[in-house]
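Dropping entry10.txt in here (compact mmCIF, C-alpha atoms and all ligand atoms):
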# COMPACT_ATOMS: atom_id res chain seq x y z
CA MET W 1 -88.20 12.14 -36.92
CA ILE W 2 -89.46 11.83 -40.46
CA GLU W 3 -92.53 13.77 -41.52
CA GLU W 4 -93.77 11.21 -44.05
CA LYS W 5 -96.41 8.61 -43.33
CA VAL W 6 -95.46 4.92 -43.38
CA GLY W 7 -97.97 2.12 -43.96
CA PHE W 8 -97.52 -1.62 -43.47
CA ILE W 9 -99.74 -3.98 -45.46
CA GLY W 10 -99.59 -7.17 -43.40
CA ALA W 11 -99.22 -6.96 -39.63
CA GLY W 12 -97.25 -10.14 -39.04
CA SER W 13 -94.12 -10.81 -37.03
CA MET W 14 -91.71 -9.04 -39.40
CA ALA W 15 -93.94 -5.97 -39.66
CA GLU W 16 -94.07 -5.84 -35.88
CA ALA W 17 -90.26 -6.06 -35.59
CA LEU W 18 -89.86 -3.16 -38.05
CA ILE W 19 -92.61 -1.10 -36.39
CA GLU W 20 -91.06 -1.58 -32.96
CA GLY W 21 -87.65 -0.58 -34.37
CA LEU W 22 -89.05 2.56 -36.04
CA LEU W 23 -90.87 3.64 -32.87
CA GLU W 24 -88.20 2.66 -30.39
CA GLN W 25 -85.53 4.55 -32.32
CA GLN W 26 -87.94 7.49 -32.73
CA ILE W 27 -87.65 7.48 -36.53
CA ILE W 28 -91.38 8.11 -36.82
CA ALA W 29 -94.21 9.20 -34.54
CA PRO W 30 -96.90 6.55 -33.85
CA ASP W 31 -99.48 8.88 -35.37
CA ASP W 32 -97.68 8.68 -38.73
CA LEU W 33 -97.75 4.88 -38.84
CA TYR W 34 -100.58 2.90 -40.48
CA ILE W 35 -101.20 -0.85 -40.70
CA SER W 36 -103.70 -3.03 -42.49
CA ASP W 37 -104.27 -6.78 -42.31
CA ILE W 38 -107.02 -9.22 -43.19
CA ASN W 39 -106.71 -10.64 -39.68
CA LYS W 40 -108.75 -8.17 -37.62
CA SER W 41 -107.74 -9.50 -34.20
CA ARG W 42 -104.05 -9.21 -35.09
CA LEU W 43 -104.68 -5.71 -36.40
CA ASP W 44 -106.44 -4.71 -33.18
CA GLU W 45 -103.62 -6.22 -31.13
CA LEU W 46 -100.86 -4.23 -32.90
CA THR W 47 -102.73 -0.94 -33.10
CA ALA W 48 -103.48 -1.11 -29.37
CA LYS W 49 -99.95 -2.17 -28.43
CA TYR W 50 -98.13 0.55 -30.42
CA GLU W 51 -100.90 3.20 -30.53
CA ILE W 52 -100.63 3.41 -34.30
CA ASN W 53 -103.35 3.92 -36.92
CA GLN W 54 -105.43 1.09 -38.26
CA ALA W 55 -106.47 1.21 -41.91
CA THR W 56 -109.68 -0.69 -42.52
CA THR W 57 -108.58 -1.80 -46.01
CA ASN W 58 -105.28 -2.04 -47.88
CA ASN W 59 -106.49 0.70 -50.23
CA ALA W 60 -107.39 2.96 -47.30
CA LEU W 61 -103.79 2.56 -46.16
CA VAL W 62 -102.47 3.39 -49.64
CA SER W 63 -104.48 6.62 -49.62
CA LYS W 64 -102.67 7.71 -46.42
CA ALA W 65 -99.08 6.49 -46.72
CA ASP W 66 -96.09 8.02 -48.51
CA TYR W 67 -94.05 4.87 -47.97
CA ILE W 68 -95.93 1.59 -48.39
CA ILE W 69 -94.31 -1.53 -46.95
CA LEU W 70 -95.58 -4.83 -48.33
CA ALA W 71 -95.19 -7.20 -45.40
CA VAL W 72 -97.46 -10.04 -46.49
CA LYS W 73 -96.31 -13.55 -47.40
CA PRO W 74 -94.73 -13.90 -50.88
CA GLN W 75 -97.66 -16.10 -51.94
CA VAL W 76 -100.18 -13.26 -51.49
CA ILE W 77 -98.07 -10.36 -52.81
CA GLY W 78 -99.56 -10.78 -56.32
CA GLN W 79 -103.13 -10.54 -55.08
CA VAL W 80 -102.33 -7.55 -52.83
CA LEU W 81 -100.63 -5.73 -55.71
CA GLU W 82 -103.60 -6.36 -57.99
CA GLU W 83 -105.76 -4.76 -55.30
CA VAL W 84 -103.63 -1.72 -54.42
CA GLY W 85 -101.35 -1.29 -57.47
CA PRO W 86 -103.74 0.92 -59.48
CA LYS W 87 -104.05 3.36 -56.54
CA ILE W 88 -100.33 3.85 -55.94
CA THR W 89 -98.73 6.89 -57.57
CA ALA W 90 -95.15 7.72 -58.54
CA GLN W 91 -95.01 10.17 -55.59
CA GLN W 92 -95.16 7.20 -53.22
CA THR W 93 -92.49 4.53 -52.62
CA VAL W 94 -93.17 0.81 -52.33
CA PHE W 95 -90.97 -1.38 -50.13
CA SER W 96 -91.33 -5.14 -50.29
CA ILE W 97 -89.86 -7.40 -47.63
CA ALA W 98 -91.25 -10.55 -49.25
CA ALA W 99 -88.69 -13.32 -49.73
CA GLY W 100 -88.08 -14.18 -53.36
CA VAL W 101 -90.33 -11.55 -54.95
CA GLU W 102 -88.39 -9.50 -57.53
CA THR W 103 -88.74 -5.76 -58.03
CA ASN W 104 -89.82 -6.29 -61.65
CA GLN W 105 -92.72 -8.49 -60.48
CA ILE W 106 -93.82 -5.61 -58.25
CA GLU W 107 -93.24 -2.93 -60.89
CA ALA W 108 -95.42 -4.85 -63.33
CA ASN W 109 -98.43 -3.83 -61.19
CA LEU W 110 -97.38 -0.19 -60.80
CA ASP W 111 -96.95 2.87 -62.99
CA GLN W 112 -93.30 4.00 -62.72
CA VAL W 113 -93.31 3.87 -58.92
CA PRO W 114 -90.00 3.67 -57.00
CA VAL W 115 -89.68 0.15 -55.55
CA VAL W 116 -87.27 -1.15 -52.93
CA ARG W 117 -86.75 -4.85 -52.24
CA LEU W 118 -85.67 -5.12 -48.63
CA MET W 119 -84.54 -8.15 -46.62
CA PRO W 120 -84.46 -7.39 -42.89
CA ASN W 121 -84.51 -9.83 -40.02
CA THR W 122 -86.40 -9.94 -36.75
CA ALA W 123 -83.53 -8.39 -34.76
CA ALA W 124 -84.98 -5.07 -36.01
CA LEU W 125 -86.99 -5.38 -32.80
CA ILE W 126 -83.89 -4.33 -30.86
CA GLY W 127 -82.09 -2.25 -33.51
CA GLU W 128 -79.73 -5.12 -34.42
CA ALA W 129 -81.06 -6.36 -37.76
CA ALA W 130 -78.87 -7.20 -40.73
CA ILE W 131 -80.72 -5.41 -43.54
CA ALA W 132 -79.94 -5.62 -47.26
CA TYR W 133 -81.80 -3.93 -50.09
CA SER W 134 -81.83 -3.46 -53.83
CA LEU W 135 -83.52 -0.78 -55.88
CA GLY W 136 -86.05 -1.14 -58.69
CA SER W 137 -85.90 0.62 -62.06
CA TYR W 138 -87.54 3.86 -60.88
CA ALA W 139 -85.66 4.16 -57.60
CA GLY W 140 -82.47 6.22 -57.44
CA LYS W 141 -80.24 7.94 -54.91
CA GLU W 142 -83.14 9.75 -53.26
CA THR W 143 -84.87 6.44 -52.57
CA ALA W 144 -81.62 4.94 -51.25
CA ALA W 145 -81.41 7.88 -48.83
CA VAL W 146 -84.96 7.13 -47.67
CA VAL W 147 -83.99 3.48 -47.01
CA GLU W 148 -81.09 4.65 -44.83
CA GLU W 149 -83.26 7.20 -43.06
CA LEU W 150 -85.99 4.69 -42.28
CA PHE W 151 -83.98 1.60 -41.43
CA SER W 152 -80.45 2.44 -40.30
CA ALA W 153 -81.64 2.70 -36.69
CA SER W 154 -83.04 -0.84 -36.97
CA GLY W 155 -79.65 -2.35 -37.76
CA THR W 156 -76.94 -2.33 -40.41
CA VAL W 157 -78.14 -1.41 -43.91
CA THR W 158 -76.31 -2.55 -47.03
CA LYS W 159 -77.14 -2.23 -50.72
CA VAL W 160 -76.68 -5.31 -52.91
CA LYS W 161 -77.39 -6.24 -56.51
CA GLU W 162 -80.82 -7.75 -56.81
CA ASN W 163 -79.48 -11.10 -58.01
CA LEU W 164 -77.93 -11.53 -54.54
CA MET W 165 -81.15 -11.02 -52.61
CA ASP W 166 -81.99 -14.74 -52.48
CA ALA W 167 -78.55 -15.42 -50.99
CA VAL W 168 -79.13 -12.62 -48.45
CA THR W 169 -82.49 -14.18 -47.57
CA GLY W 170 -80.90 -17.61 -47.01
CA LEU W 171 -78.11 -16.12 -44.90
CA SER W 172 -79.29 -13.16 -42.83
CA GLY W 173 -83.07 -13.11 -43.43
CA SER W 174 -83.48 -16.65 -42.11
CA GLY W 175 -80.23 -16.60 -40.13
CA PRO W 176 -81.58 -15.66 -36.68
CA ALA W 177 -83.45 -18.99 -36.59
CA TYR W 178 -80.22 -20.93 -37.23
CA ILE W 179 -78.51 -19.11 -34.39
CA TYR W 180 -81.46 -19.67 -32.02
CA LEU W 181 -81.18 -23.39 -32.75
CA ILE W 182 -77.46 -23.30 -31.98
CA ILE W 183 -78.07 -21.38 -28.73
CA GLU W 184 -80.72 -23.87 -27.66
CA ALA W 185 -78.54 -26.85 -28.56
CA LEU W 186 -75.44 -25.47 -26.78
CA SER W 187 -77.48 -24.72 -23.69
CA ASP W 188 -78.86 -28.29 -23.80
CA ALA W 189 -75.32 -29.57 -24.20
CA GLY W 190 -74.24 -27.70 -21.06
CA VAL W 191 -77.22 -29.10 -19.16
CA ASN W 192 -76.26 -32.56 -20.41
CA MET W 193 -72.87 -32.06 -18.75
CA GLY W 194 -74.50 -31.06 -15.45
CA LEU W 195 -74.88 -27.28 -15.64
CA PRO W 196 -78.13 -25.79 -14.33
CA ARG W 197 -80.24 -24.51 -17.27
CA GLU W 198 -80.02 -20.84 -16.33
CA LYS W 199 -76.24 -20.92 -16.01
CA SER W 200 -75.87 -22.93 -19.18
CA THR W 201 -77.94 -20.45 -21.22
CA GLU W 202 -76.17 -17.46 -19.66
CA LEU W 203 -72.74 -18.93 -20.49
CA THR W 204 -73.86 -19.89 -24.01
CA LEU W 205 -75.18 -16.41 -24.76
CA GLN W 206 -72.13 -14.55 -23.53
CA THR W 207 -69.86 -16.94 -25.43
CA ILE W 208 -71.73 -16.21 -28.66
CA ILE W 209 -71.91 -12.46 -28.06
CA GLY W 210 -68.22 -12.33 -27.09
CA ALA W 211 -67.11 -14.39 -30.10
CA ALA W 212 -69.18 -12.28 -32.51
CA LYS W 213 -67.77 -9.06 -31.03
CA MET W 214 -64.21 -10.43 -31.26
CA VAL W 215 -64.67 -11.07 -35.00
CA LYS W 216 -66.27 -7.67 -35.50
CA GLU W 217 -63.87 -5.60 -33.40
CA SER W 218 -60.48 -7.35 -33.59
CA ASP W 219 -59.92 -7.29 -37.37
CA LEU W 220 -58.63 -10.87 -37.05
CA HIS W 221 -59.81 -13.69 -39.30
CA PRO W 222 -62.16 -16.11 -37.46
CA GLY W 223 -59.58 -18.85 -38.08
CA GLU W 224 -56.92 -16.88 -36.20
CA LEU W 225 -59.31 -16.28 -33.32
CA LYS W 226 -60.11 -20.01 -33.28
CA ASP W 227 -56.38 -20.78 -33.10
CA MET W 228 -56.10 -18.54 -30.02
CA VAL W 229 -58.67 -20.73 -28.21
CA THR W 230 -57.19 -24.10 -29.15
CA SER W 231 -54.35 -25.01 -26.76
CA PRO W 232 -52.14 -27.79 -28.19
CA GLY W 233 -53.39 -31.17 -27.03
CA GLY W 234 -56.18 -29.39 -25.15
CA THR W 235 -59.94 -29.43 -24.82
CA THR W 236 -60.93 -27.12 -27.69
CA ILE W 237 -59.18 -29.04 -30.43
CA LYS W 238 -60.96 -32.20 -29.27
CA GLY W 239 -64.29 -30.38 -29.53
CA MET W 240 -63.26 -29.02 -32.96
CA GLN W 241 -62.51 -32.56 -34.13
CA GLN W 242 -66.11 -33.51 -33.31
CA LEU W 243 -67.47 -30.48 -35.14
CA GLU W 244 -65.36 -31.17 -38.24
CA GLU W 245 -66.22 -34.89 -38.24
CA SER W 246 -69.92 -34.01 -38.03
CA GLY W 247 -69.53 -31.97 -41.23
CA VAL W 248 -70.76 -28.76 -39.62
CA ARG W 249 -69.24 -26.56 -42.36
CA GLY W 250 -71.01 -28.52 -45.08
CA ILE W 251 -74.22 -28.45 -43.07
CA LEU W 252 -74.06 -24.63 -42.94
CA TYR W 253 -73.33 -24.39 -46.71
CA ASN W 254 -76.33 -26.65 -47.36
CA THR W 255 -78.54 -24.74 -44.93
CA VAL W 256 -77.99 -21.36 -46.59
CA GLU W 257 -78.19 -22.91 -50.08
CA ALA W 258 -81.50 -24.63 -49.29
CA ALA W 259 -83.02 -21.43 -47.88
CA ALA W 260 -81.73 -19.32 -50.80
CA ASN W 261 -83.10 -21.86 -53.30
CA LYS W 262 -86.47 -21.75 -51.52
CA SER W 263 -86.41 -17.97 -51.84
CA GLN W 264 -85.86 -18.42 -55.61
CA GLU W 265 -88.80 -20.82 -55.77
CA LEU W 266 -91.15 -18.53 -53.83
CA LYS W 267 -91.33 -16.09 -56.75
CA LYS W 268 -93.08 -18.79 -58.79
CA GLU W 269 -95.62 -19.80 -56.12
N1 LIG M 1 -90.43 -13.39 -40.32
C1 LIG M 1 -89.21 -13.01 -40.70
O1 LIG M 1 -88.22 -13.18 -39.96
C2 LIG M 1 -89.01 -12.35 -42.03
C3 LIG M 1 -90.04 -12.26 -42.94
N2 LIG M 1 -89.84 -11.63 -44.15
C4 LIG M 1 -90.93 -11.50 -45.09
O2 LIG M 1 -91.93 -10.74 -44.47
C5 LIG M 1 -93.21 -11.12 -44.97
C6 LIG M 1 -94.12 -11.38 -43.80
O3 LIG M 1 -93.59 -12.46 -43.06
P1 LIG M 1 -94.08 -12.76 -41.58
O4 LIG M 1 -94.26 -11.48 -40.84
O5 LIG M 1 -93.18 -13.80 -41.05
O6 LIG M 1 -95.50 -13.41 -41.94
P2 LIG M 1 -96.86 -13.38 -41.13
O7 LIG M 1 -97.67 -14.49 -41.66
O8 LIG M 1 -96.54 -13.33 -39.66
O9 LIG M 1 -97.51 -11.96 -41.54
C7 LIG M 1 -98.24 -11.70 -42.69
C8 LIG M 1 -99.55 -11.03 -42.29
O10 LIG M 1 -100.22 -10.62 -43.49
C9 LIG M 1 -101.59 -10.96 -43.34
N3 LIG M 1 -102.23 -11.00 -44.67
C10 LIG M 1 -102.48 -12.08 -45.47
N4 LIG M 1 -103.11 -11.69 -46.59
C11 LIG M 1 -103.28 -10.36 -46.51
C12 LIG M 1 -103.88 -9.38 -47.35
N5 LIG M 1 -104.44 -9.72 -48.52
N6 LIG M 1 -103.88 -8.10 -46.95
C13 LIG M 1 -103.32 -7.73 -45.76
N7 LIG M 1 -102.74 -8.61 -44.92
C14 LIG M 1 -102.72 -9.90 -45.28
C15 LIG M 1 -101.54 -12.28 -42.63
O11 LIG M 1 -102.79 -12.65 -42.12
P3 LIG M 1 -103.11 -14.25 -42.00
O12 LIG M 1 -102.13 -14.78 -40.98
O13 LIG M 1 -104.53 -14.28 -41.55
O14 LIG M 1 -102.86 -14.85 -43.37
C16 LIG M 1 -100.50 -11.98 -41.56
O15 LIG M 1 -101.06 -11.34 -40.43
C17 LIG M 1 -93.00 -12.33 -45.86
O16 LIG M 1 -93.11 -11.96 -47.19
C18 LIG M 1 -91.59 -12.81 -45.51
O17 LIG M 1 -90.95 -13.38 -46.64
C19 LIG M 1 -88.64 -11.05 -44.46
C20 LIG M 1 -87.59 -11.10 -43.59
C21 LIG M 1 -87.66 -11.82 -42.33
O1 LIG M 2 -89.00 -17.91 -43.44
C1 LIG M 2 -89.25 -17.06 -44.29
O2 LIG M 2 -89.70 -17.37 -45.41
C2 LIG M 2 -88.97 -15.61 -43.98
C3 LIG M 2 -88.04 -14.98 -44.99
C4 LIG M 2 -86.75 -14.78 -44.26
C5 LIG M 2 -87.07 -15.10 -42.87
N1 LIG M 2 -88.29 -15.49 -42.72

Could the structure of this file be written out as structure tokens, please?
Amino acid sequence: MIEEKVGFIGAGSMAEALIEGLLEQQIIAPDDLYISDINKSRLDELTAKYEINQATTNNALVSKADYIILAVKPQVIGQVLEEVGPKITAQQTVFSIAAGVETNQIEANLDQVPVVRLMPNTAALIGEAAIAYSLGSYAGKETAAVVEELFSASGTVTKVKENLMDAVTGLSGSGPAYIYLIIEALSDAGVNMGLPREKSTELTLQTIIGAAKMVKESDLHPGELKDMVTSPGGTTIKGMQQLEESGVRGILYNTVEAAANKSQELKKE
């Protein structure tokens, strides 16, 4: 367990996923975790649920935490930084999980403080997040080690150049939602063909988990694995024809591009 104190400004769904990951994996003791939020009922809910500390103001949290995680919406990051920036010292580290917000925008409100831009996803709740990060101008190897220490139990952690963070956001930050839609649609499709809902969802889930594990563990290209499923003149290739005719590849390109572009735009909002 780490000795440092961690504070979340913003107690929304992503903060909760990270908090649950940190506690579940025993990275930090509940007594060393602080949260603040303008929504008092949400704050009460999370502090009661996880038995963590509630800070009455964002600045009260800053006075307690070694690592400060900005988990508010991108649109309010500027106002939060104006409020807390003057109180943060170079002995602390600021993490921002806000989509689109660049480290230099954050550094502009701070005095030579190490800053980490982090893009997790909600699977942190179960230790299965895809997490990417980039470092600001005052963050070096020591800060990178802190990122690993804090978040590697919440999923995979990978460092990328900051100019790739919008792409990461469009792919893996938003990605769980795309997959949930696919799971729901496949389950519906099974029901449409007569399967009971429970069976259809169970079969859908295991198919997705199995296929993902095959790609991860077999070292084979997804195309080769697809070829192994498609018997000549069989059922799979007929299904594939439908997928290709629907333009599913282009739809996925466009989906990630649209989300990444939105991430780019958020920095200006
Ligand atoms: N959800 C996700 O899957 C992911 C989200 N992110 C990023 O995480 C951040 C949070 O997203 P998410 O958890 O979905 O959003 P939420 O809206 O669920 O959480 C944000 C919380 O911050 C509160 N808040 C607003 N203003 C302030 C303030 N001035 N001081 C303190 N708290 C405040 C909000 O209260 P109120 O609701 O009353 O405004 C809300 O409870 C965003 O920047 C997003 O880009 C990154 C990766 C994945
Ligand atoms: O939808 C959003 O803006 C956030 C960022 C990535 C996932 N959720």

**Report entry** Site check for ligand LIG 1 (chain M): residues at most 8 Å away, all atoms listed in the file, as a PyMOL selection string
**Finding:** chain W and resi 9-16+36-39+42-43+57-58+70-77+79-80+96-100+118-122+169+173-174+176

**Report entry** Shortest interatomic distance to ligand LIG 2 (chain M) - which of W:Asp166, W:Glu107, W:Glu202, W:Glu24, counting only C-alpha atoms and all ligand atoms
**Finding:** W:Asp166

Requested in this report: Mind giving me the straight-line distance from atom CA of Thr158 of chain W to atom CA of Ile131 of chain W in Å, one decimal?
Outcome: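 So the answer is 6.3 Å.
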
Query - Separation of atom CA of Thr93 of chain W from atom CA of Lys5 of chain W, in Å and rounded to one decimal - result: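 We find that atom CA of Thr93 of chain W and atom CA of Lys5 of chain W lie 10.9 Å from each other.
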
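With distances restricted to all atoms listed in the file, W:Met165 is the closest residue to Val101 of chain W from W:Ala132, W:Val157, W:Met165, W:Leu225.
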
**Report entry** Within 8 Å of segment 250-256 of chain W using all atoms listed in the file, minus same-chain residues under 6 positions, as a PyMOL selection string
**Finding:** chain W and resi 167+170-171

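The closest residue to ligand LIG 2 (chain M), picked from W:Ala258, W:Val229, W:Ala55, W:Val113 and counting all atoms listed in the file, is W:Ala258.
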
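Here the question is which of W:Glu82, W:Asp32, W:Asp227, W:Glu265 gets nearest to ligand LIG 2 (chain M) using all atoms listed in the file, and that residue is W:Glu265.
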
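Going from atom CA of Gly136 of chain W over to atom CA of Glu102 of chain W, you cover 8.8 Å.
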
Requested in this report: Extract, using all atoms listed in the file, all DNA, RNA and protein residues at most 12 Å from Thr201 of chain W, discarding same-chain residues fewer than 3 positions from it, and format them as a PyMOL selection string.
Outcome: chain W and resi 180+182-191+195-198+204-208

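You can rank W:Ser263, W:Asp66, W:Glu224, W:Lys268 by their closest distance to ligand LIG 2 (chain M) using all atoms listed in the file, and at the top of that list sits W:Ser263.
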
Query - Counting only C-alpha atoms and all ligand atoms, the residue of W:Ser134, W:Ser231, W:Ser172, W:Gln91 that sits nearest ligand LIG 2 (chain M) - result: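 Using only C-alpha atoms and all ligand atoms, ligand LIG 2 (chain M) sits closest to W:Ser172.
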
Query - Spatial neighbours of Ser154 of chain W, 7 Å, only C-alpha atoms, chain gap at least 3 places, as a ChimeraX atom specification - result: /W:21-22,124,127-129,151

Requested in this report: For Glu149 of chain W, please output as a PyMOL selection string all residues within 10 Å (counting all atoms listed in the file; exclusion window: fewer than 4 positions along the same chain).
Outcome: chain W and resi 1-2+27+143-145+153

Query raised in the report: What lies within 12 Å of Ser137 of chain W using all atoms listed in the file, ignoring chain neighbours under 3 positions off, as a list in words?
Result: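 Residues near the query, excluding close chain neighbours: Glu102, Thr103, Asn104, Gln105, Ile106, Glu107, Ala108, Leu110, Asp111, Gln112, Val113, Pro114, Val115, Val116, Arg117, Ser134, Gly140, Lys141, Thr143 and Glu162 of chain W.
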
Same residues, C-alpha atoms, output as a PDB file, in the coordinates of the input:
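Saved the output as part06.pdb:
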ATOM      1  CA  GLU W 102     -88.390  -9.500 -57.530  1.00  0.00           C
ATOM      2  CA  THR W 103     -88.740  -5.760 -58.030  1.00  0.00           C
ATOM      3  CA  ASN W 104     -89.820  -6.290 -61.650  1.00  0.00           C
ATOM      4  CA  GLN W 105     -92.720  -8.490 -60.480  1.00  0.00           C
ATOM      5  CA  ILE W 106     -93.820  -5.610 -58.250  1.00  0.00           C
ATOM      6  CA  GLU W 107     -93.240  -2.930 -60.890  1.00  0.00           C
ATOM      7  CA  ALA W 108     -95.420  -4.850 -63.330  1.00  0.00           C
ATOM      8  CA  LEU W 110     -97.380  -0.190 -60.800  1.00  0.00           C
ATOM      9  CA  ASP W 111     -96.950   2.870 -62.990  1.00  0.00           C
ATOM     10  CA  GLN W 112     -93.300   4.000 -62.720  1.00  0.00           C
ATOM     11  CA  VAL W 113     -93.310   3.870 -58.920  1.00  0.00           C
ATOM     12  CA  PRO W 114     -90.000   3.670 -57.000  1.00  0.00           C
ATOM     13  CA  VAL W 115     -89.680   0.150 -55.550  1.00  0.00           C
ATOM     14  CA  VAL W 116     -87.270  -1.150 -52.930  1.00  0.00           C
ATOM     15  CA  ARG W 117     -86.750  -4.850 -52.240  1.00  0.00           C
ATOM     16  CA  SER W 134     -81.830  -3.460 -53.830  1.00  0.00           C
ATOM     17  CA  GLY W 140     -82.470   6.220 -57.440  1.00  0.00           C
ATOM     18  CA  LYS W 141     -80.240   7.940 -54.910  1.00  0.00           C
ATOM     19  CA  THR W 143     -84.870   6.440 -52.570  1.00  0.00           C
ATOM     20  CA  GLU W 162     -80.820  -7.750 -56.810  1.00  0.00           C
TER      21      GLU W 162
END
